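**Student:** So here's structure-v8.cif (mmCIF, C-alpha atoms and all ligand atoms).
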data_upload
loop_
_atom_site.label_atom_id
_atom_site.label_comp_id
_atom_site.auth_asym_id
_atom_site.auth_seq_id
_atom_site.Cartn_x
_atom_site.Cartn_y
_atom_site.Cartn_z
CA MET A 173 46.82 -22.37 -46.93
CA ASP A 174 47.92 -25.79 -48.19
CA TYR A 175 44.62 -27.65 -48.72
CA SER A 176 46.30 -31.01 -49.24
CA LEU A 177 47.32 -30.88 -45.58
CA ILE A 178 43.76 -30.65 -44.27
CA VAL A 179 42.85 -33.91 -42.68
CA TRP A 180 39.50 -34.98 -41.38
CA PRO A 181 38.60 -34.91 -38.58
CA ILE A 182 40.34 -31.62 -38.09
CA LYS A 183 39.86 -31.20 -34.38
CA VAL A 184 39.98 -33.65 -31.52
CA LYS A 185 37.33 -32.85 -28.93
CA SER A 186 39.43 -33.75 -25.94
CA ALA A 187 42.33 -36.08 -25.35
CA SER A 188 40.31 -38.38 -23.14
CA ALA A 189 37.37 -38.49 -25.52
CA TYR A 190 39.76 -39.33 -28.31
CA LEU A 191 41.50 -42.07 -26.36
CA TYR A 192 38.47 -43.76 -24.89
CA ASP A 193 35.60 -43.15 -27.27
CA LYS A 194 37.36 -42.10 -30.44
CA ILE A 195 34.88 -39.23 -30.53
CA VAL A 196 36.08 -36.33 -32.58
CA THR A 197 34.26 -33.17 -33.50
CA MET A 198 34.21 -30.88 -36.45
CA ASN A 199 32.19 -27.65 -36.44
CA ILE A 200 31.09 -26.25 -39.77
CA LEU A 201 29.61 -22.78 -40.19
CA ALA A 202 27.19 -23.03 -43.10
CA ILE A 203 25.68 -20.19 -45.12
CA GLU A 204 22.65 -20.32 -47.44
CA SER A 205 21.35 -17.44 -49.58
CA SER A 206 20.25 -19.00 -52.88
CA CYS A 207 16.72 -17.60 -52.97
CA ASP A 208 14.68 -15.68 -50.41
CA GLU A 209 15.97 -16.98 -47.07
CA THR A 210 19.21 -15.71 -45.52
CA ALA A 211 20.42 -18.51 -43.30
CA ALA A 212 23.42 -19.57 -41.23
CA ALA A 213 23.91 -22.63 -39.06
CA VAL A 214 26.62 -24.44 -37.14
CA ILE A 215 26.70 -28.21 -37.57
CA SER A 216 28.87 -30.33 -35.36
CA SER A 217 29.81 -33.85 -36.22
CA ALA A 218 31.12 -36.31 -33.70
CA GLY A 219 32.43 -39.26 -35.63
CA LYS A 220 31.14 -40.52 -38.91
CA ARG A 221 27.61 -39.41 -39.76
CA ARG A 222 26.62 -38.31 -36.25
CA GLN A 223 25.64 -34.72 -36.78
CA THR A 224 24.23 -32.18 -34.33
CA ILE A 225 22.65 -28.82 -35.11
CA LEU A 226 24.31 -26.31 -32.74
CA SER A 227 22.42 -23.39 -34.28
CA ASN A 228 20.08 -22.79 -37.19
CA VAL A 229 19.19 -19.16 -37.97
CA ILE A 230 16.84 -18.28 -40.83
CA ALA A 231 15.86 -14.74 -41.84
CA SER A 232 12.90 -15.21 -44.17
CA GLN A 233 11.94 -12.65 -46.80
CA VAL A 234 8.54 -14.26 -47.44
CA GLU A 235 6.58 -11.24 -46.14
CA ILE A 236 8.58 -8.86 -48.32
CA HIS A 237 7.92 -10.87 -51.51
CA ALA A 238 4.29 -11.79 -50.70
CA ARG A 239 3.09 -8.34 -51.73
CA TYR A 240 4.55 -8.93 -55.23
CA GLY A 241 3.09 -12.45 -55.51
CA GLY A 242 6.53 -14.06 -55.89
CA VAL A 243 10.26 -13.58 -55.33
CA VAL A 244 11.70 -10.37 -56.83
CA PRO A 245 15.42 -11.14 -57.43
CA GLU A 246 16.76 -7.60 -56.91
CA VAL A 247 14.80 -7.18 -53.67
CA ALA A 248 16.05 -10.59 -52.47
CA ALA A 249 19.70 -9.73 -53.11
CA ARG A 250 19.42 -6.38 -51.31
CA SER A 251 17.78 -8.02 -48.34
CA HIS A 252 20.55 -10.67 -48.13
CA VAL A 253 23.16 -7.87 -48.00
CA GLU A 254 21.35 -6.24 -45.10
CA VAL A 255 21.03 -9.30 -42.88
CA ILE A 256 23.75 -11.80 -43.76
CA ILE A 257 26.35 -10.61 -41.21
CA PRO A 258 23.87 -10.36 -38.28
CA VAL A 259 22.51 -13.82 -39.23
CA ILE A 260 26.02 -15.33 -39.16
CA GLU A 261 26.80 -13.61 -35.86
CA GLN A 262 23.56 -14.98 -34.41
CA ALA A 263 24.42 -18.50 -35.58
CA LEU A 264 27.82 -18.33 -33.86
CA SER A 265 26.31 -16.88 -30.71
CA ASP A 266 23.49 -19.47 -30.55
CA ALA A 267 26.14 -22.20 -30.94
CA HIS A 268 28.17 -20.60 -28.09
CA LEU A 269 31.22 -20.53 -30.34
CA ASP A 270 33.64 -17.92 -31.59
CA TRP A 271 35.73 -18.21 -34.75
CA ASP A 272 38.31 -20.39 -32.97
CA GLY A 273 35.59 -23.02 -32.60
CA ILE A 274 34.83 -23.15 -36.32
CA ASP A 275 36.79 -25.66 -38.41
CA ALA A 276 35.42 -24.90 -41.87
CA ILE A 277 32.96 -22.65 -43.72
CA ALA A 278 30.39 -24.01 -46.17
CA VAL A 279 28.25 -22.04 -48.60
CA THR A 280 25.63 -22.70 -51.26
CA ARG A 281 27.23 -22.00 -54.64
CA GLY A 282 24.20 -22.94 -56.77
CA PRO A 283 21.64 -23.39 -58.16
CA GLY A 284 19.61 -20.30 -57.36
CA LEU A 285 19.25 -16.61 -58.13
CA ILE A 286 22.62 -15.17 -59.15
CA GLY A 287 22.30 -11.96 -57.10
CA SER A 288 21.30 -13.92 -54.01
CA LEU A 289 24.00 -16.59 -54.45
CA LEU A 290 26.70 -13.95 -54.90
CA ILE A 291 26.01 -12.41 -51.49
CA GLY A 292 26.51 -15.75 -49.72
CA VAL A 293 29.50 -16.78 -51.80
CA LEU A 294 31.32 -13.44 -51.45
CA THR A 295 30.67 -13.41 -47.70
CA ALA A 296 31.94 -16.98 -47.27
CA GLN A 297 34.96 -16.29 -49.48
CA THR A 298 35.89 -13.20 -47.46
CA LEU A 299 35.43 -15.01 -44.14
CA ALA A 300 37.46 -18.01 -45.31
CA ILE A 301 40.37 -15.72 -46.22
CA THR A 302 40.24 -13.42 -43.20
CA LYS A 303 39.53 -16.14 -40.60
CA LYS A 304 41.83 -18.66 -42.34
CA LYS A 305 39.26 -21.44 -42.63
CA PRO A 306 38.87 -24.11 -45.31
CA LEU A 307 35.92 -23.47 -47.64
CA ILE A 308 33.34 -25.90 -49.04
CA GLY A 309 31.06 -25.01 -51.97
CA VAL A 310 27.74 -26.84 -51.78
CA ASN A 311 25.03 -27.77 -54.30
CA HIS A 312 21.70 -26.65 -52.83
CA ILE A 313 19.69 -29.50 -54.39
CA TRP A 314 22.00 -32.14 -52.96
CA ALA A 315 21.78 -30.44 -49.58
CA HIS A 316 17.97 -30.86 -49.49
CA ALA A 317 18.54 -34.65 -49.65
CA PHE A 318 21.36 -34.57 -47.06
CA ALA A 319 19.13 -32.79 -44.53
CA SER A 320 18.05 -36.38 -43.79
CA PHE A 321 21.38 -36.89 -41.96
CA LEU A 322 20.12 -34.42 -39.35
CA THR A 323 17.23 -36.70 -38.39
CA ASP A 324 17.29 -39.44 -35.75
CA THR A 325 17.44 -42.03 -38.54
CA PRO A 326 20.17 -40.93 -40.98
CA PRO A 327 20.11 -42.89 -44.27
CA GLN A 328 22.63 -45.47 -45.37
CA PHE A 329 24.21 -45.25 -48.81
CA PRO A 330 23.09 -45.76 -51.52
CA PHE A 331 19.86 -43.92 -50.84
CA LEU A 332 17.02 -42.79 -53.06
CA ALA A 333 15.94 -39.16 -52.64
CA LEU A 334 12.86 -37.34 -53.83
CA THR A 335 13.77 -33.64 -53.80
CA VAL A 336 10.72 -31.45 -54.27
CA SER A 337 11.22 -27.70 -54.02
CA GLY A 338 10.15 -24.47 -55.67
CA GLY A 339 12.77 -24.85 -58.40
CA HIS A 340 13.40 -28.60 -58.65
CA THR A 341 11.68 -31.96 -58.67
CA THR A 342 14.21 -34.76 -58.87
CA LEU A 343 14.45 -38.47 -58.13
CA SER A 344 18.12 -39.34 -57.53
CA VAL A 345 20.34 -41.97 -55.96
CA TYR A 346 23.24 -40.78 -53.78
CA HIS A 347 26.28 -43.00 -53.33
CA GLU A 348 28.90 -43.31 -50.58
CA ASP A 349 31.53 -41.57 -52.74
CA LEU A 350 29.15 -38.58 -53.00
CA SER A 351 28.29 -39.27 -56.61
CA ARG A 352 24.69 -38.93 -57.75
CA GLU A 353 22.61 -40.58 -60.45
CA VAL A 354 19.60 -38.59 -61.57
CA LEU A 355 16.83 -41.10 -62.33
CA GLY A 356 14.24 -38.56 -63.30
CA GLN A 357 13.22 -34.95 -62.99
CA THR A 358 10.52 -32.55 -64.04
CA LEU A 359 10.39 -31.77 -67.73
CA ASP A 360 8.80 -28.36 -67.12
CA ASP A 361 7.50 -26.82 -63.85
CA ALA A 362 8.81 -27.95 -60.47
CA ALA A 363 6.20 -29.28 -58.03
CA GLY A 364 6.52 -26.22 -55.76
CA GLU A 365 6.31 -23.89 -58.74
CA ALA A 366 3.03 -25.60 -59.76
CA PHE A 367 1.68 -25.13 -56.20
CA ASP A 368 2.67 -21.44 -56.32
CA LYS A 369 1.17 -20.79 -59.78
CA VAL A 370 -2.11 -22.60 -59.09
CA ALA A 371 -2.45 -20.84 -55.71
CA LYS A 372 -2.11 -17.49 -57.45
CA LEU A 373 -4.64 -18.54 -60.10
CA ILE A 374 -7.32 -19.56 -57.60
CA GLY A 375 -6.72 -16.60 -55.30
CA LEU A 376 -4.74 -18.21 -52.47
CA GLY A 377 -1.71 -15.90 -52.62
CA TYR A 378 2.00 -16.55 -52.06
CA PRO A 379 3.67 -18.84 -51.06
CA GLY A 380 1.26 -21.26 -52.67
CA GLY A 381 2.20 -24.61 -51.14
CA PRO A 382 1.14 -23.96 -47.54
CA ALA A 383 -1.97 -22.05 -48.75
CA ILE A 384 -3.11 -24.88 -51.03
CA SER A 385 -2.57 -27.59 -48.42
CA LYS A 386 -4.53 -25.55 -45.85
CA ALA A 387 -7.43 -24.84 -48.24
CA ALA A 388 -7.45 -28.50 -49.34
CA GLU A 389 -8.25 -29.60 -45.78
CA SER A 390 -11.85 -28.46 -46.29
CA GLY A 391 -12.00 -29.50 -49.95
CA ASP A 392 -13.28 -32.51 -51.88
CA ASP A 393 -10.42 -34.01 -53.90
CA THR A 394 -12.80 -35.98 -56.14
CA ARG A 395 -14.78 -32.98 -57.39
CA TYR A 396 -12.40 -32.21 -60.27
CA GLN A 397 -10.43 -34.80 -62.22
CA PHE A 398 -6.95 -33.59 -63.12
CA PRO A 399 -4.50 -35.64 -65.20
CA ILE A 400 -1.17 -37.27 -64.31
CA ALA A 401 1.15 -36.55 -67.21
CA ASN A 402 2.62 -39.35 -69.29
CA THR A 403 6.35 -38.74 -69.61
CA PRO A 404 8.81 -40.46 -71.95
CA GLY A 405 11.19 -41.15 -69.02
CA LYS A 406 9.88 -43.72 -66.52
CA TYR A 407 10.79 -41.57 -63.52
CA ASP A 408 10.25 -38.10 -65.00
CA PHE A 409 7.55 -35.64 -63.96
CA SER A 410 5.58 -32.95 -65.76
CA PHE A 411 3.29 -30.43 -64.09
CA SER A 412 2.62 -27.76 -66.71
CA GLY A 413 -0.30 -29.70 -68.28
CA LEU A 414 -1.86 -30.01 -64.83
CA LYS A 415 -1.55 -26.26 -64.31
CA THR A 416 -3.28 -25.65 -67.68
CA ALA A 417 -6.02 -28.14 -66.75
CA VAL A 418 -6.71 -26.17 -63.56
CA LEU A 419 -6.81 -22.93 -65.58
CA ARG A 420 -9.33 -24.44 -68.06
CA GLN A 421 -11.46 -25.67 -65.17
CA VAL A 422 -11.42 -22.24 -63.53
CA GLN A 423 -12.35 -20.56 -66.82
CA GLN A 424 -15.23 -23.00 -67.24
CA ILE A 425 -16.46 -22.33 -63.70
CA THR A 426 -16.27 -18.54 -63.99
CA GLY A 427 -17.08 -18.20 -67.69
CA ILE A 428 -14.14 -15.80 -67.91
CA ASN A 429 -11.52 -16.48 -70.57
CA PRO A 430 -9.18 -13.62 -71.29
CA GLY A 431 -8.00 -15.42 -74.43
CA SER A 432 -4.45 -16.19 -73.38
CA GLU A 433 -3.54 -19.25 -71.36
CA LYS A 434 -0.47 -17.43 -70.17
CA ALA A 435 -2.47 -14.59 -68.61
CA GLN A 436 -1.19 -14.14 -65.04
CA LYS A 437 -4.66 -13.73 -63.59
CA THR A 438 -6.22 -14.38 -60.25
CA TYR A 439 -9.83 -15.54 -60.40
CA LEU A 440 -12.42 -14.70 -57.74
CA LEU A 441 -13.93 -17.98 -56.64
CA ASP A 442 -16.43 -19.24 -54.13
CA LYS A 443 -14.61 -20.53 -50.99
CA GLN A 444 -15.79 -24.14 -51.44
CA VAL A 445 -14.86 -24.18 -55.14
CA GLN A 446 -11.44 -22.83 -54.18
CA ALA A 447 -11.01 -25.57 -51.56
CA ASP A 448 -12.18 -28.32 -53.94
CA LEU A 449 -9.82 -27.09 -56.66
CA ALA A 450 -6.96 -26.98 -54.15
CA ALA A 451 -7.69 -30.52 -52.93
CA SER A 452 -8.10 -31.97 -56.44
CA PHE A 453 -4.92 -30.27 -57.71
CA GLN A 454 -2.92 -31.33 -54.64
CA LYS A 455 -4.09 -34.94 -55.09
CA ALA A 456 -2.94 -34.95 -58.73
CA VAL A 457 0.55 -33.65 -57.82
CA ILE A 458 0.91 -36.11 -54.95
CA ASP A 459 -0.36 -39.06 -57.01
CA ALA A 460 2.33 -38.33 -59.62
CA LEU A 461 5.10 -37.93 -57.03
CA VAL A 462 4.14 -41.08 -55.11
CA GLN A 463 3.62 -43.23 -58.22
CA LYS A 464 7.03 -42.47 -59.77
CA THR A 465 8.84 -42.65 -56.45
CA LEU A 466 7.39 -46.05 -55.59
CA GLN A 467 8.32 -47.35 -59.02
CA ALA A 468 11.94 -46.16 -58.58
CA TYR A 469 12.10 -47.58 -55.04
CA ASN A 470 10.85 -51.01 -56.16
CA ASP A 471 13.11 -51.08 -59.22
CA LEU A 472 16.28 -50.01 -57.39
CA GLN A 473 15.77 -51.38 -53.89
CA PRO A 474 18.04 -48.74 -52.28
CA LYS A 475 19.24 -48.94 -48.65
CA ALA A 476 17.01 -45.99 -47.73
CA PHE A 477 14.54 -43.49 -49.11
CA VAL A 478 14.42 -39.82 -48.11
CA VAL A 479 12.11 -36.97 -49.08
CA GLY A 480 13.16 -33.34 -48.72
CA GLY A 481 12.69 -29.82 -50.13
CA GLY A 482 9.96 -27.28 -49.43
CA VAL A 483 7.10 -29.36 -50.89
CA ALA A 484 8.03 -32.17 -48.49
CA CYS A 485 6.43 -29.99 -45.77
CA ASN A 486 3.12 -31.11 -47.29
CA THR A 487 1.42 -33.33 -44.72
CA LEU A 488 -0.53 -35.39 -47.25
CA LEU A 489 2.59 -36.08 -49.32
CA ARG A 490 4.46 -37.19 -46.20
CA GLU A 491 1.61 -39.49 -45.17
CA ARG A 492 1.15 -41.00 -48.63
CA LEU A 493 4.87 -41.74 -49.00
CA LYS A 494 4.97 -43.35 -45.55
CA GLN A 495 2.00 -45.53 -46.51
CA VAL A 496 3.76 -47.00 -49.55
CA ILE A 497 7.34 -46.91 -48.22
CA PRO A 498 7.04 -47.32 -44.43
CA ASP A 499 10.75 -46.64 -43.82
CA THR A 500 10.60 -43.27 -45.58
CA ILE A 501 12.90 -40.77 -43.85
CA VAL A 502 10.90 -37.55 -43.76
CA VAL A 503 12.93 -34.46 -43.06
CA PRO A 504 11.31 -32.22 -40.37
CA PRO A 505 9.51 -29.23 -41.97
CA VAL A 506 12.00 -26.65 -40.63
CA LEU A 507 14.77 -28.51 -42.49
CA CYS A 508 12.64 -28.99 -45.66
CA THR A 509 12.32 -25.34 -46.60
CA ASP A 510 15.56 -23.48 -47.30
CA ASN A 511 17.98 -23.49 -44.36
CA ALA A 512 21.72 -23.58 -43.72
CA ALA A 513 21.74 -26.67 -41.48
CA MET A 514 21.31 -28.86 -44.57
CA ILE A 515 24.26 -27.06 -46.20
CA GLY A 516 26.36 -27.90 -43.12
CA SER A 517 25.20 -31.49 -43.26
CA ILE A 518 26.41 -32.24 -46.77
CA ALA A 519 29.50 -30.09 -46.15
CA ASN A 520 30.36 -32.43 -43.32
CA HIS A 521 30.42 -35.37 -45.75
CA MET A 522 32.44 -33.29 -48.21
CA ALA A 523 34.98 -32.29 -45.55
CA GLU A 524 35.37 -35.95 -44.65
CA ARG A 525 36.35 -36.53 -48.30
CA LYS A 526 38.52 -33.39 -48.42
CA MET A 527 36.30 -31.73 -51.01
CA PHE A 528 37.49 -28.20 -50.24
CA THR A 529 37.62 -25.27 -52.65
CA LYS A 530 40.24 -22.53 -52.56
CA PRO A 531 38.44 -19.27 -51.69
CA GLU A 532 39.72 -17.62 -54.87
CA ASP A 533 38.27 -20.48 -56.97
CA ILE A 534 34.71 -20.58 -55.67
CA VAL A 535 32.14 -19.48 -58.24
CA ALA A 536 28.42 -18.84 -57.79
CA ASP A 537 26.62 -20.86 -60.45
CA PRO A 538 22.85 -20.21 -60.85
CA SER A 539 22.31 -23.36 -62.97
CA LEU A 540 24.64 -25.69 -61.08
CA GLU A 541 23.55 -29.30 -61.49
CA ILE A 542 26.57 -31.32 -60.34
CA LEU A 543 29.09 -30.92 -57.54
O1 LIG B 1 12.95 -25.79 -50.79
P1 LIG B 1 12.25 -24.49 -50.80
O2 LIG B 1 12.09 -23.74 -49.50
O3 LIG B 1 12.92 -23.48 -51.77
C1 LIG B 1 13.49 -23.90 -53.00
O4 LIG B 1 14.64 -24.41 -52.98
O5 LIG B 1 12.77 -23.72 -54.01
O6 LIG B 1 10.81 -24.76 -51.44
C2 LIG B 1 9.86 -23.74 -51.57
C3 LIG B 1 8.62 -24.36 -52.21
C4 LIG B 1 7.58 -23.32 -52.59
O7 LIG B 1 7.19 -23.53 -53.94
C5 LIG B 1 6.44 -23.59 -51.63
O8 LIG B 1 5.16 -23.29 -52.18
C6 LIG B 1 6.60 -25.09 -51.40
O9 LIG B 1 7.99 -25.28 -51.30
N1 LIG B 1 5.93 -25.54 -50.16
C7 LIG B 1 4.90 -26.42 -50.14
C8 LIG B 1 4.49 -26.51 -48.78
N2 LIG B 1 5.30 -25.72 -48.03
C9 LIG B 1 6.18 -25.13 -48.89
N3 LIG B 1 4.31 -27.09 -51.13
C10 LIG B 1 3.28 -27.90 -50.80
N4 LIG B 1 2.82 -28.04 -49.54
C11 LIG B 1 3.39 -27.38 -48.51
N5 LIG B 1 2.91 -27.53 -47.26
ZN ZN B 2 15.62 -25.19 -51.62
#
Rewrite the coordinates I just gave you, this time as structure tokens.
Ligand code: KG4
Ligand code: ZN

**Tutor:**
Amino acid sequence: MDYSLIVWPIKVKSASAYLYDKIVTMNILAIESSCDETAAAVISSAGKRRQTILSNVIASQVEIHARYGGVVPEVAARSHVEVIIPVIEQALSDAHLDWDGIDAIAVTRGPGLIGSLLIGVLTAQTLAITKKKPLIGVNHIWAHAFASFLTDTPPQFPFLALTVSGGHTTLSVYHEDLSREVLGQTLDDAAGEAFDKVAKLIGLGYPGGPAISKAAESGDDTRYQFPIANTPGKYDFSFSGLKTAVLRQVQQITGINPGSEKAQKTYLLDKQVQADLAASFQKAVIDALVQKTLQAYNDLQPKAFVVGGGVACNTLLRERLKQVIPDTIVVPPVLCTDNAAMIGSIANHMAERKMFTKPEDIVADPSLEIL
């Protein structure tokens, strides 16, 4: 296929629509398999930046990994192999489309777990060759921010994005030409990772974020004082000191100290203590996220601000951000945790700019940072 010949929009919806409304459509089949969700979606765009979710299928492995207290990479990869084809077929069927109705295929190429990424990338590569479709390789972190284009109030460029997930915590500005400036990021643990580790420590299980926010509802967030880290970078974050502070507090409460701070231990705690710890920890994480984000927003005065990624499901974080930045675009929870609709959304912008990759050139990159 000659990729230089691909023009956007690829397909005209109908002659009359084209003539009278200049409405054109492009349907992208998107695939996501970077961690423990196998997902496929079809995103349709009608004209610039108007995007519709035609289907959004997610096969979650959460129950499989919960018994191990976290994601087991080999188990995740095997599970992706088992379900990826049925998930894609379901996405096409839910969208009432066959392959003729698909204009391009998009896939997450990083960052993530290498075994998991490879399943999605190899599947997309094979489909692109056999079905003769252009292929788009997507950065998962960018996609979390571009999920905001699937809301009723898509952002204008340049926009500020707080991306808070299990693996990343980043404050970035995205520009019209699809370039990104990273203003700040976590120097150690990601926000979601801190939620998961503290949940395990205080006996709330996996995944930690939803468990902590639920327990915190009946907790007193002033009972324990946890620190907000000072970071050398104005917009950077650090959560490992906070995690250690929770551990010290728990050891003080229980009188149990196995000697190593790194001990992966779950402590048996009284329900109210557990709830108060959850609330106090959650407050400290949210204070740090809101403080740095507001500073960046005031300094940069972007056209819009969006928050996305799994931790953005947190109700208190959403409310606190809306209080300080009333125009905050909050991505709906189903599009915050890993999904393929967000992959289709950024792929739509990439297709518009002809950012296609030859199937033989696409590479899964577990530590991908830039497009
Ligand atoms: O974006 P995501 O689904 O996967 C990654 O790309 O990492 O994010 C998963 C993370 C997990 O760490 C999970 O504990 C966290 O998002 N999370 C939450 C909440 N729901 C999910 N964290 C805080 N509060 C929540 N309600
Ligand atoms: Zn993610």

**Student:** If you count all atoms listed in the file, which residues fall within 10 Å of Lys437 in chain A, apart from same-chain ones fewer than 5 positions away, as JSON, numbers by chain?

**Tutor:** {"A": [369, 372, 373, 374, 375, 419, 430]}

**Student:** Find the residues near ligand LIG 1 (chain B). Use a cut-off of 10 Å, count only C-alpha atoms and all ligand atoms, and write them as a PyMOL selection string.

**Tutor:** chain A and resi 206-209+242+283-284+312-313+315-316+335-341+362-369+371+378-386+454+457-458+480-490+505-511

**Student:** Under the rule that all atoms listed in the file are counted, which of A:Val244, A:Ile428, A:Ala211, A:Ile497 is the nearest residue to ligand ZN 2 (chain B)?

**Tutor:**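 Closest to ligand ZN 2 (chain B), using all atoms listed in the file: A:Ala211.
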
**Student:** With a distance cut-off of 7 Å and all atoms listed in the file, select the neighbouring residues of Asp275 in chain A, excluding the residue or stretch itself and same-chain residues fewer than 5 positions from it, and output the selection as a list of chain:residue names.

**Tutor:**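 With the cut-off at 7 Å, the set is A:Ile182, A:Met198, A:Asn199, A:Ile200, A:Lys305.
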
**Student:** Applying 12 Å and only C-alpha atoms, which residues near Leu472 in chain A remain after dropping the ones on its own chain fewer than 6 positions away? List them as a VMD selection string.

**Tutor:** chain A and resid 330 to 333 343 to 345 353 355 407 465 to 466

**Student:** To one decimal in Å, tell me the separation between CA of Leu226 in chain A and CA of Pro504 in chain A.

**Tutor:**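 So the answer is 16.2 Å.
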
**Student:** Within 9 Å of (29.4, -33.1, -35.5) in the file's own coordinates, which protein, DNA or RNA residues have an atom, counting all atoms listed in the file? List them as an NGL selection string.

**Tutor:** :A and (196-200 or 215-226 or 517 or 520)

**Student:** Env of Asp448 in chain A: 6 Å cut, atoms = all atoms listed in the file, seq-sep filter 5 positions within chain, self excluded. Answer as a PyMOL selection string.

**Tutor:** chain A and resi 391-393

**Student:** Counting all atoms listed in the file, which of A:Thr280, A:Gln357, A:Thr416, A:Gln233 gets nearest to ligand ZN 2 (chain B)?

**Tutor:**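 Closest residue, counting all atoms listed in the file: A:Thr280.
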
**Student:** Can you measure CA of Lys530 in chain A to CA of Leu307 in chain A for me? One decimal in Å is fine.

**Tutor:**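 Separation of CA of Lys530 in chain A and CA of Leu307 in chain A: 6.6 Å.
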
**Student:** In Å, how far is it from CA of Leu334 in chain A to CA of His521 in chain A?

**Tutor:**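 Answer for the CA of Leu334 in chain A to CA of His521 in chain A separation: 19.4 Å.
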
**Student:** Pick the closest to Gly287 in chain A from A:Gly405, A:Pro531, A:Pro245, A:Pro399: which is it, counting only C-alpha atoms?

**Tutor:** A:Pro245

**Student:** Just checking: using only C-alpha atoms and all ligand atoms, which residue out of A:Ala512, A:Leu441, A:Ala460, A:Ala248 ends up closest to ligand ZN 2 (chain B)?

**Tutor:**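 Looking only at the distances to ligand ZN 2 (chain B), the closest residue turns out to be A:Ala512.
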
**Student:** Using all atoms listed in the file, find the one residue out of A:Ser265, A:Glu491, A:Leu350, A:Ala513 that sits nearest to ligand ZN 2 (chain B).

**Tutor:** A:Ala513

**Student:** Around (26.1, -14.9, -32.2), as given in the file, which residues come within 12 Å? Count only C-alpha atoms and list them as an MDAnalysis selection string.

**Tutor:** chainID A and resid 201 212:214 226:229 257:271

**Student:** If we count all atoms listed in the file, what is near Gln297 in chain A at a cut-off of 12 Å, once residues fewer than 5 positions away on the same chain are taken out, given as a ChimeraX atom specification?

**Tutor:** /A:203,276-281,290-292,302-309,529-536

**Student:** For a quick check of understanding, using only C-alpha atoms and all ligand atoms, which of A:Leu322, A:Ile236, A:Leu285, A:Val418 has the smallest distance to ligand ZN 2 (chain B)?

**Tutor:**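 Among A:Leu322, A:Ile236, A:Leu285, A:Val418, it is A:Leu285 that comes nearest to ligand ZN 2 (chain B).
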